[in-house]
Amino acid sequence: MRSMTGFGRSETSSDIGSLTTEIRSVNHRYCQVSASLPSEFAQFEPTLSTEIKGRGARGQIHVHGSFQRSEGAGRPVTRVNHALAREVERSARALAARHGVAGAVGVESLLLYPGVLTVEAPDVDEGERGDLLREGVATAWAALDEMRLREGESLRAELNERLTEIRRLREAIAPYTADITARQVERLSRRIDELLAGHNYEPDESRVVVEAGLIAERADVAEELARLGSHCDQFEAFLDEEGQVGRKMDFLLQELNREANTIASKAADGQVMSLCVDLKTEIERLREQVQNVE
């Protein structure tokens, strides 16, 4: 089991320079990848995102890189846009003549005009850049994955504790539901007697039996308790599974909550409803923890 939260960092170097790579991951329903790499590696961002998604990881993942070029990796290349410089100079002279302003356009002014002078980093072989990036990402990802595994073990212990409490509450509910049907039938009979007190009228016994049967059917929560126990067993099995189990757990928690709601509504018993409130609270706590499981 892995958590979706983690951080990994690496520092790799080669003849062209040194690359620092950081990968952060937080919980998210799906896999979302974003990257902010140095300009020398920007062309690899789409491929990098695809490769990370291909790992099957879940979460919001961000890759950040910073690059320090080696001194021997080449010198910057300067380029002058002479056509643009001539146009700027011509426009400046025309402006001065029209408004009667004296002065000349110096070379310093021309060089400061955007686009006249550009400085380009020396080209570095694409293969070397790709190799350096792959090495940096692989090392940072290994560190990230290790942290996610450690966090996953902590989550496993917490989830197991919550699951134990849910089972305890289920066992506490069972004895109260054993005679709920009998109590509700007794309540129905008592209510009929109260309504007919002082009246010369005998209730229709067959009708009472039918109503009692309907109450018994509505109040029986044996199936819900059985499914609740089955869901707990399945959830425990997920705790021992490797790989992505977060979505499976999330679905199972919806079923656990549905059973708890049904038991509370069918039982119509104060003590059972109180225990169901505690049960739903534990299920919600379990759900909050599961949101961070990959």
# chains A, B, ... in the order shown; residues from 1 in each chain; ligands from 1
$ residues_around --residues "A:Thr139" --least-positions-apart "4" --cutoff "9 Å" --atoms "only C-alpha atoms" --output "list in words"
Gly8, Arg9, Ser10, Glu11, Thr12, Thr21, Arg134, Glu135, Ala143 and Leu144 of chain A
$ write_last_selection --atoms "N, CA and C atoms" --output "mmCIF file, in the first residue's frame"
data_model
loop_
_atom_site.group_PDB
_atom_site.id
_atom_site.type_symbol
_atom_site.label_atom_id
_atom_site.label_comp_id
_atom_site.auth_asym_id
_atom_site.auth_seq_id
_atom_site.Cartn_x
_atom_site.Cartn_y
_atom_site.Cartn_z
ATOM 1 N N GLY A 8 10.498 13.540 -3.451
ATOM 2 C CA GLY A 8 11.777 12.944 -3.825
ATOM 3 C C GLY A 8 12.673 13.973 -4.488
ATOM 4 N N ARG A 9 13.958 13.896 -4.212
ATOM 5 C CA ARG A 9 14.912 14.873 -4.755
ATOM 6 C C ARG A 9 16.169 14.161 -5.202
ATOM 7 N N SER A 10 16.760 14.651 -6.286
ATOM 8 C CA SER A 10 18.011 14.066 -6.776
ATOM 9 C C SER A 10 18.907 15.149 -7.350
ATOM 10 N N GLU A 11 20.190 14.899 -7.313
ATOM 11 C CA GLU A 11 21.189 15.768 -7.940
ATOM 12 C C GLU A 11 22.067 14.888 -8.823
ATOM 13 N N THR A 12 21.975 15.110 -10.115
ATOM 14 C CA THR A 12 22.740 14.320 -11.072
ATOM 15 C C THR A 12 23.588 15.257 -11.933
ATOM 16 N N THR A 21 16.586 17.695 -9.514
ATOM 17 C CA THR A 21 15.204 17.309 -9.822
ATOM 18 C C THR A 21 14.439 17.073 -8.533
ATOM 19 N N ARG A 134 16.527 11.795 -17.578
ATOM 20 C CA ARG A 134 15.988 10.489 -17.205
ATOM 21 C C ARG A 134 16.634 9.974 -15.922
ATOM 22 N N GLU A 135 17.937 10.185 -15.809
ATOM 23 C CA GLU A 135 18.630 9.747 -14.599
ATOM 24 C C GLU A 135 18.128 10.522 -13.378
ATOM 25 N N ALA A 143 13.179 7.952 -4.606
ATOM 26 C CA ALA A 143 13.065 8.555 -3.279
ATOM 27 C C ALA A 143 11.608 8.861 -2.941
ATOM 28 N N LEU A 144 10.862 9.364 -3.934
ATOM 29 C CA LEU A 144 9.437 9.640 -3.747
ATOM 30 C C LEU A 144 8.679 8.364 -3.411
#
$ select_by_dssp --residues "stretch 70-144 of chain A" --states "strand (DSSP E or B)" --output "ChimeraX atom specification"
/A:77-80,117-120
$ residues_around --residues "A:Leu133" --least-positions-apart "3" --cutoff "9 Å" --atoms "only C-alpha atoms" --output "tab-separated table (two decimals) with C-alpha atoms, in the first residue's frame"
chain	number	residue	atom	x	y	z
A	12	THR	CA	22.74	14.32	-11.07
A	19	LEU	CA	20.60	18.89	-12.77
A	21	THR	CA	15.20	17.31	-9.82
A	41	PHE	CA	14.87	20.41	-21.02
A	44	PHE	CA	10.98	16.70	-22.81
A	65	GLY	CA	14.13	20.97	-12.26
A	128	GLU	CA	22.96	14.02	-23.44
A	129	ARG	CA	20.20	16.24	-22.11
A	130	GLY	CA	17.67	13.42	-22.30
A	136	GLY	CA	17.50	12.65	-12.43
A	137	VAL	CA	13.82	11.73	-12.64
A	138	ALA	CA	14.50	8.04	-11.95
$ select_by_dssp --residues "stretch 51-193 of chain A" --states "alpha helix (DSSP H)" --output "JSON list (two decimals) with N, CA and C atoms, in the first residue's frame"
[["chain", "number", "residue", "atom", "x", "y", "z"],
["A", 51, "GLU", "N", 5.25, 9.40, -19.47],
["A", 51, "GLU", "CA", 5.95, 8.30, -18.80],
["A", 51, "GLU", "C", 5.51, 8.16, -17.35],
["A", 52, "ILE", "N", 5.33, 9.27, -16.65],
["A", 52, "ILE", "CA", 4.91, 9.20, -15.25],
["A", 52, "ILE", "C", 3.50, 8.64, -15.14],
["A", 53, "LYS", "N", 2.61, 9.08, -16.02],
["A", 53, "LYS", "CA", 1.25, 8.53, -16.01],
["A", 53, "LYS", "C", 1.27, 7.04, -16.31],
["A", 54, "GLY", "N", 2.22, 6.62, -17.15],
["A", 54, "GLY", "CA", 2.34, 5.21, -17.48],
["A", 54, "GLY", "C", 2.77, 4.34, -16.32],
["A", 82, "HIS", "N", 20.50, 43.05, -37.44],
["A", 82, "HIS", "CA", 20.91, 44.30, -38.09],
["A", 82, "HIS", "C", 19.75, 45.01, -38.77],
["A", 83, "ALA", "N", 18.86, 44.27, -39.36],
["A", 83, "ALA", "CA", 17.72, 44.89, -40.04],
["A", 83, "ALA", "C", 16.86, 45.66, -39.04],
["A", 84, "LEU", "N", 16.64, 45.07, -37.88],
["A", 84, "LEU", "CA", 15.85, 45.73, -36.85],
["A", 84, "LEU", "C", 16.59, 46.96, -36.32],
["A", 85, "ALA", "N", 17.91, 46.85, -36.18],
["A", 85, "ALA", "CA", 18.70, 47.99, -35.69],
["A", 85, "ALA", "C", 18.61, 49.17, -36.66],
["A", 86, "ARG", "N", 18.71, 48.88, -37.98],
["A", 86, "ARG", "CA", 18.61, 49.95, -38.98],
["A", 86, "ARG", "C", 17.25, 50.61, -38.94],
["A", 87, "GLU", "N", 16.20, 49.81, -38.77],
["A", 87, "GLU", "CA", 14.85, 50.35, -38.73],
["A", 87, "GLU", "C", 14.65, 51.24, -37.50],
["A", 88, "VAL", "N", 15.19, 50.80, -36.34],
["A", 88, "VAL", "CA", 15.08, 51.59, -35.12],
["A", 88, "VAL", "C", 15.82, 52.91, -35.29],
["A", 89, "GLU", "N", 17.03, 52.84, -35.89],
["A", 89, "GLU", "CA", 17.82, 54.06, -36.09],
["A", 89, "GLU", "C", 17.10, 55.02, -37.03],
["A", 90, "ARG", "N", 16.55, 54.50, -38.13],
["A", 90, "ARG", "CA", 15.84, 55.34, -39.10],
["A", 90, "ARG", "C", 14.64, 56.01, -38.46],
["A", 91, "SER", "N", 13.87, 55.24, -37.68],
["A", 91, "SER", "CA", 12.68, 55.79, -37.03],
["A", 91, "SER", "C", 13.07, 56.86, -36.02],
["A", 92, "ALA", "N", 14.19, 56.64, -35.31],
["A", 92, "ALA", "CA", 14.64, 57.62, -34.30],
["A", 92, "ALA", "C", 15.05, 58.94, -34.98],
["A", 93, "ARG", "N", 15.77, 58.83, -36.12],
["A", 93, "ARG", "CA", 16.20, 60.03, -36.84],
["A", 93, "ARG", "C", 14.99, 60.79, -37.38],
["A", 94, "ALA", "N", 14.02, 60.06, -37.91],
["A", 94, "ALA", "CA", 12.82, 60.70, -38.45],
["A", 94, "ALA", "C", 12.03, 61.40, -37.35],
["A", 95, "LEU", "N", 11.97, 60.79, -36.18],
["A", 95, "LEU", "CA", 11.26, 61.39, -35.06],
["A", 95, "LEU", "C", 11.95, 62.68, -34.61],
["A", 96, "ALA", "N", 13.31, 62.63, -34.57],
["A", 96, "ALA", "CA", 14.06, 63.82, -34.15],
["A", 96, "ALA", "C", 13.89, 64.96, -35.15],
["A", 97, "ALA", "N", 13.91, 64.65, -36.47],
["A", 97, "ALA", "CA", 13.77, 65.68, -37.49],
["A", 97, "ALA", "C", 12.38, 66.31, -37.45],
["A", 98, "ARG", "N", 11.37, 65.52, -37.23],
["A", 98, "ARG", "CA", 10.00, 66.03, -37.25],
["A", 98, "ARG", "C", 9.73, 66.98, -36.09],
["A", 99, "HIS", "N", 10.32, 66.71, -34.97],
["A", 99, "HIS", "CA", 10.05, 67.51, -33.79],
["A", 99, "HIS", "C", 11.18, 68.50, -33.47],
["A", 107, "VAL", "N", 24.96, 53.46, -30.19],
["A", 107, "VAL", "CA", 24.90, 52.01, -30.30],
["A", 107, "VAL", "C", 24.38, 51.38, -29.01],
["A", 108, "GLU", "N", 24.66, 52.04, -27.87],
["A", 108, "GLU", "CA", 24.16, 51.49, -26.61],
["A", 108, "GLU", "C", 22.63, 51.48, -26.59],
["A", 109, "SER", "N", 22.03, 52.58, -27.14],
["A", 109, "SER", "CA", 20.58, 52.65, -27.18],
["A", 109, "SER", "C", 20.00, 51.58, -28.09],
["A", 110, "LEU", "N", 20.68, 51.36, -29.21],
["A", 110, "LEU", "CA", 20.20, 50.33, -30.14],
["A", 110, "LEU", "C", 20.26, 48.94, -29.51],
["A", 111, "LEU", "N", 21.33, 48.65, -28.79],
["A", 111, "LEU", "CA", 21.48, 47.32, -28.18],
["A", 111, "LEU", "C", 20.45, 47.07, -27.09],
["A", 112, "LEU", "N", 19.96, 48.13, -26.46],
["A", 112, "LEU", "CA", 18.96, 47.98, -25.41],
["A", 112, "LEU", "C", 17.57, 47.75, -25.96],
["A", 126, "GLU", "N", 21.06, 16.70, -27.77],
["A", 126, "GLU", "CA", 19.76, 16.32, -27.22],
["A", 126, "GLU", "C", 19.83, 15.01, -26.45],
["A", 127, "GLY", "N", 20.60, 14.09, -26.95],
["A", 127, "GLY", "CA", 20.73, 12.80, -26.26],
["A", 127, "GLY", "C", 21.33, 12.94, -24.88],
["A", 128, "GLU", "N", 22.35, 13.81, -24.75],
["A", 128, "GLU", "CA", 22.96, 14.02, -23.44],
["A", 128, "GLU", "C", 21.97, 14.65, -22.47],
["A", 129, "ARG", "N", 21.20, 15.62, -22.97],
["A", 129, "ARG", "CA", 20.20, 16.24, -22.11],
["A", 129, "ARG", "C", 19.14, 15.23, -21.67],
["A", 130, "GLY", "N", 18.69, 14.42, -22.62],
["A", 130, "GLY", "CA", 17.67, 13.42, -22.30],
["A", 130, "GLY", "C", 18.17, 12.41, -21.28],
["A", 131, "ASP", "N", 19.42, 11.96, -21.44],
["A", 131, "ASP", "CA", 19.98, 10.98, -20.50],
["A", 131, "ASP", "C", 20.07, 11.56, -19.10],
["A", 132, "LEU", "N", 20.51, 12.83, -19.01],
["A", 132, "LEU", "CA", 20.66, 13.46, -17.70],
["A", 132, "LEU", "C", 19.30, 13.62, -17.03],
["A", 133, "LEU", "N", 18.28, 14.00, -17.79],
["A", 133, "LEU", "CA", 16.95, 14.17, -17.23],
["A", 133, "LEU", "C", 16.37, 12.84, -16.77],
["A", 134, "ARG", "N", 16.53, 11.80, -17.58],
["A", 134, "ARG", "CA", 15.99, 10.49, -17.21],
["A", 134, "ARG", "C", 16.63, 9.97, -15.92],
["A", 135, "GLU", "N", 17.94, 10.19, -15.81],
["A", 135, "GLU", "CA", 18.63, 9.75, -14.60],
["A", 135, "GLU", "C", 18.13, 10.52, -13.38],
["A", 136, "GLY", "N", 17.98, 11.83, -13.55],
["A", 136, "GLY", "CA", 17.50, 12.65, -12.43],
["A", 136, "GLY", "C", 16.10, 12.28, -12.00],
["A", 137, "VAL", "N", 15.20, 12.08, -12.96],
["A", 137, "VAL", "CA", 13.82, 11.73, -12.64],
["A", 137, "VAL", "C", 13.75, 10.35, -11.99],
["A", 138, "ALA", "N", 14.52, 9.39, -12.51],
["A", 138, "ALA", "CA", 14.50, 8.04, -11.95],
["A", 138, "ALA", "C", 14.95, 8.03, -10.50],
["A", 139, "THR", "N", 16.01, 8.77, -10.20],
["A", 139, "THR", "CA", 16.52, 8.81, -8.83],
["A", 139, "THR", "C", 15.54, 9.52, -7.89],
["A", 140, "ALA", "N", 14.98, 10.64, -8.35],
["A", 140, "ALA", "CA", 14.01, 11.37, -7.52],
["A", 140, "ALA", "C", 12.74, 10.55, -7.32],
["A", 141, "TRP", "N", 12.33, 9.84, -8.37],
["A", 141, "TRP", "CA", 11.12, 9.02, -8.25],
["A", 141, "TRP", "C", 11.33, 7.88, -7.25],
["A", 142, "ALA", "N", 12.52, 7.29, -7.24],
["A", 142, "ALA", "CA", 12.79, 6.22, -6.28],
["A", 142, "ALA", "C", 12.67, 6.74, -4.85],
["A", 143, "ALA", "N", 13.18, 7.95, -4.61],
["A", 143, "ALA", "CA", 13.06, 8.55, -3.28],
["A", 143, "ALA", "C", 11.61, 8.86, -2.94],
["A", 144, "LEU", "N", 10.86, 9.36, -3.93],
["A", 144, "LEU", "CA", 9.44, 9.64, -3.75],
["A", 144, "LEU", "C", 8.68, 8.36, -3.41],
["A", 145, "ASP", "N", 8.96, 7.31, -4.16],
["A", 145, "ASP", "CA", 8.25, 6.05, -3.97],
["A", 145, "ASP", "C", 8.55, 5.45, -2.59],
["A", 146, "GLU", "N", 9.79, 5.59, -2.16],
["A", 146, "GLU", "CA", 10.15, 5.08, -0.84],
["A", 146, "GLU", "C", 9.36, 5.80, 0.26],
["A", 147, "MET", "N", 9.24, 7.11, 0.11],
["A", 147, "MET", "CA", 8.48, 7.88, 1.10],
["A", 147, "MET", "C", 7.01, 7.51, 1.06],
["A", 148, "ARG", "N", 6.47, 7.31, -0.13],
["A", 148, "ARG", "CA", 5.06, 6.93, -0.26],
["A", 148, "ARG", "C", 4.79, 5.57, 0.37],
["A", 149, "LEU", "N", 5.78, 4.67, 0.26],
["A", 149, "LEU", "CA", 5.63, 3.35, 0.88],
["A", 149, "LEU", "C", 5.62, 3.46, 2.41],
["A", 150, "ARG", "N", 6.52, 4.30, 2.94],
["A", 150, "ARG", "CA", 6.55, 4.49, 4.40],
["A", 150, "ARG", "C", 5.24, 5.09, 4.90],
["A", 151, "GLU", "N", 4.77, 6.09, 4.17],
["A", 151, "GLU", "CA", 3.49, 6.71, 4.54],
["A", 151, "GLU", "C", 2.35, 5.70, 4.42],
["A", 152, "GLY", "N", 2.46, 4.82, 3.43],
["A", 152, "GLY", "CA", 1.43, 3.79, 3.23],
["A", 152, "GLY", "C", 1.35, 2.83, 4.40],
["A", 153, "GLU", "N", 2.50, 2.48, 4.98],
["A", 153, "GLU", "CA", 2.51, 1.59, 6.14],
["A", 153, "GLU", "C", 1.84, 2.25, 7.34],
["A", 154, "SER", "N", 2.08, 3.54, 7.52],
["A", 154, "SER", "CA", 1.41, 4.26, 8.61],
["A", 154, "SER", "C", -0.09, 4.30, 8.38],
["A", 155, "LEU", "N", -0.48, 4.51, 7.11],
["A", 155, "LEU", "CA", -1.90, 4.52, 6.78],
["A", 155, "LEU", "C", -2.53, 3.15, 7.04],
["A", 156, "ARG", "N", -1.80, 2.10, 6.70],
["A", 156, "ARG", "CA", -2.33, 0.74, 6.90],
["A", 156, "ARG", "C", -2.67, 0.50, 8.38],
["A", 157, "ALA", "N", -1.75, 0.93, 9.25],
["A", 157, "ALA", "CA", -1.97, 0.74, 10.69],
["A", 157, "ALA", "C", -3.19, 1.54, 11.16],
["A", 158, "GLU", "N", -3.32, 2.77, 10.68],
["A", 158, "GLU", "CA", -4.45, 3.61, 11.07],
["A", 158, "GLU", "C", -5.77, 3.03, 10.55],
["A", 159, "LEU", "N", -5.77, 2.58, 9.31],
["A", 159, "LEU", "CA", -6.99, 2.01, 8.73],
["A", 159, "LEU", "C", -7.40, 0.74, 9.45],
["A", 160, "ASN", "N", -6.43, -0.07, 9.81],
["A", 160, "ASN", "CA", -6.71, -1.32, 10.52],
["A", 160, "ASN", "C", -7.34, -1.04, 11.89],
["A", 161, "GLU", "N", -6.85, 0.01, 12.54],
["A", 161, "GLU", "CA", -7.41, 0.40, 13.84],
["A", 161, "GLU", "C", -8.86, 0.84, 13.71],
["A", 162, "ARG", "N", -9.13, 1.64, 12.68],
["A", 162, "ARG", "CA", -10.50, 2.09, 12.45],
["A", 162, "ARG", "C", -11.42, 0.92, 12.09],
["A", 163, "LEU", "N", -10.91, 0.00, 11.31],
["A", 163, "LEU", "CA", -11.70, -1.16, 10.91],
["A", 163, "LEU", "C", -12.06, -2.01, 12.12],
["A", 164, "THR", "N", -11.12, -2.17, 13.05],
["A", 164, "THR", "CA", -11.38, -2.92, 14.28],
["A", 164, "THR", "C", -12.51, -2.28, 15.08],
["A", 165, "GLU", "N", -12.52, -0.95, 15.13],
["A", 165, "GLU", "CA", -13.58, -0.24, 15.86],
["A", 165, "GLU", "C", -14.93, -0.42, 15.17],
["A", 166, "ILE", "N", -14.94, -0.43, 13.84],
["A", 166, "ILE", "CA", -16.20, -0.65, 13.12],
["A", 166, "ILE", "C", -16.75, -2.04, 13.40],
["A", 167, "ARG", "N", -15.87, -3.02, 13.44],
["A", 167, "ARG", "CA", -16.30, -4.39, 13.77],
["A", 167, "ARG", "C", -16.84, -4.46, 15.20],
["A", 168, "ARG", "N", -16.19, -3.75, 16.10],
["A", 168, "ARG", "CA", -16.66, -3.75, 17.50],
["A", 168, "ARG", "C", -18.06, -3.17, 17.59],
["A", 169, "LEU", "N", -18.31, -2.10, 16.88],
["A", 169, "LEU", "CA", -19.63, -1.49, 16.89],
["A", 169, "LEU", "C", -20.68, -2.40, 16.27],
["A", 170, "ARG", "N", -20.28, -3.10, 15.22],
["A", 170, "ARG", "CA", -21.21, -4.05, 14.60],
["A", 170, "ARG", "C", -21.61, -5.13, 15.60],
["A", 171, "GLU", "N", -20.63, -5.64, 16.34],
["A", 171, "GLU", "CA", -20.93, -6.66, 17.34],
["A", 171, "GLU", "C", -21.79, -6.10, 18.47],
["A", 172, "ALA", "N", -21.61, -4.81, 18.77],
["A", 172, "ALA", "CA", -22.42, -4.19, 19.83],
["A", 172, "ALA", "C", -23.86, -4.00, 19.39],
["A", 173, "ILE", "N", -24.07, -3.79, 18.11],
["A", 173, "ILE", "CA", -25.42, -3.58, 17.58],
["A", 173, "ILE", "C", -26.20, -4.89, 17.53],
["A", 174, "ALA", "N", -25.54, -5.98, 17.20],
["A", 174, "ALA", "CA", -26.21, -7.26, 16.96],
["A", 174, "ALA", "C", -27.15, -7.69, 18.10],
["A", 175, "PRO", "N", -26.74, -7.65, 19.38],
["A", 175, "PRO", "CA", -27.65, -8.11, 20.45],
["A", 175, "PRO", "C", -28.93, -7.29, 20.54],
["A", 176, "TYR", "N", -28.85, -5.99, 20.25],
["A", 176, "TYR", "CA", -30.03, -5.14, 20.35],
["A", 176, "TYR", "C", -31.03, -5.44, 19.23],
["A", 177, "THR", "N", -30.52, -5.91, 18.11],
["A", 177, "THR", "CA", -31.41, -6.15, 16.97],
["A", 177, "THR", "C", -32.06, -7.53, 17.03],
["A", 178, "ALA", "N", -31.56, -8.39, 17.91],
["A", 178, "ALA", "CA", -32.08, -9.76, 17.96],
["A", 178, "ALA", "C", -33.56, -9.79, 18.30],
["A", 180, "ILE", "N", -35.58, -6.91, 18.30],
["A", 180, "ILE", "CA", -36.25, -5.68, 17.89],
["A", 180, "ILE", "C", -37.63, -5.98, 17.31],
["A", 181, "THR", "N", -37.71, -7.05, 16.52],
["A", 181, "THR", "CA", -38.99, -7.41, 15.92],
["A", 181, "THR", "C", -40.04, -7.66, 16.99],
["A", 182, "ALA", "N", -39.67, -8.45, 17.99],
["A", 182, "ALA", "CA", -40.62, -8.78, 19.05],
["A", 182, "ALA", "C", -41.04, -7.52, 19.80],
["A", 183, "ARG", "N", -40.10, -6.61, 20.04],
["A", 183, "ARG", "CA", -40.42, -5.39, 20.77],
["A", 183, "ARG", "C", -41.36, -4.49, 19.96],
["A", 184, "GLN", "N", -41.13, -4.44, 18.66],
["A", 184, "GLN", "CA", -41.98, -3.59, 17.83],
["A", 184, "GLN", "C", -43.39, -4.18, 17.70],
["A", 185, "VAL", "N", -43.49, -5.50, 17.62],
["A", 185, "VAL", "CA", -44.82, -6.13, 17.59],
["A", 185, "VAL", "C", -45.54, -5.87, 18.91],
["A", 186, "GLU", "N", -44.79, -5.99, 20.00],
["A", 186, "GLU", "CA", -45.37, -5.72, 21.31],
["A", 186, "GLU", "C", -45.83, -4.26, 21.40],
["A", 187, "ARG", "N", -45.03, -3.35, 20.83],
["A", 187, "ARG", "CA", -45.40, -1.94, 20.83],
["A", 187, "ARG", "C", -46.68, -1.72, 20.03],
["A", 188, "LEU", "N", -46.79, -2.43, 18.90],
["A", 188, "LEU", "CA", -48.00, -2.32, 18.08],
["A", 188, "LEU", "C", -49.24, -2.79, 18.85],
["A", 189, "SER", "N", -49.12, -3.93, 19.52],
["A", 189, "SER", "CA", -50.26, -4.46, 20.28],
["A", 189, "SER", "C", -50.66, -3.51, 21.40],
["A", 190, "ARG", "N", -49.65, -2.96, 22.08],
["A", 190, "ARG", "CA", -49.94, -2.03, 23.18],
["A", 190, "ARG", "C", -50.63, -0.77, 22.66],
["A", 191, "ARG", "N", -50.18, -0.30, 21.51],
["A", 191, "ARG", "CA", -50.78, 0.90, 20.92],
["A", 191, "ARG", "C", -52.22, 0.66, 20.52],
["A", 192, "ILE", "N", -52.50, -0.52, 19.98],
["A", 192, "ILE", "CA", -53.88, -0.86, 19.61],
["A", 192, "ILE", "C", -54.77, -0.90, 20.84],
["A", 193, "ASP", "N", -54.24, -1.51, 21.92],
["A", 193, "ASP", "CA", -55.02, -1.59, 23.16],
["A", 193, "ASP", "C", -55.32, -0.19, 23.69]]
$ closest_atom_pairs --of "stretch 23-51 of chain A" --to "stretch 272-291 of chain A" --cutoff "10 Å" --atoms "only C-alpha atoms" --output "CSV"
residue,atom,partner,partner_atom,distance
A:Asn27,CA,A:Gln291,CA,7.0
A:His28,CA,A:Gln291,CA,8.0
A:Arg29,CA,A:Gln291,CA,8.0
$ atom_distance --atom1 "atom CA of A:Asp15" --atom2 "atom CA of A:His62"
26.7 Å
$ closest_residue --among "A:Ala104, A:Ala197, A:Val80, A:Val33" --to "A:Leu48" --atoms "only C-alpha atoms"
A:Val33
$ atom_distance --atom1 "atom CA of A:Arg24" --atom2 "atom CA of A:Ile61"
5.7 Å
$ closest_residue --among "A:Val105, A:Ala35, A:Val221, A:Ile23" --to "A:Lys266" --atoms "only C-alpha atoms"
A:Val221
$ closest_atom_pairs --of "stretch 51-93 of chain A" --to "stretch 232-243 of chain A" --cutoff "12 Å" --atoms "only C-alpha atoms" --output "JSON lines"
{"residue": "A:Arg55", "atom": "CA", "partner": "A:Gly243", "partner_atom": "CA", "distance": 11.1}
{"residue": "A:Gly56", "atom": "CA", "partner": "A:Gly243", "partner_atom": "CA", "distance": 9.0}
{"residue": "A:Ala57", "atom": "CA", "partner": "A:Gly243", "partner_atom": "CA", "distance": 9.1}
{"residue": "A:Arg58", "atom": "CA", "partner": "A:Gly243", "partner_atom": "CA", "distance": 10.4}
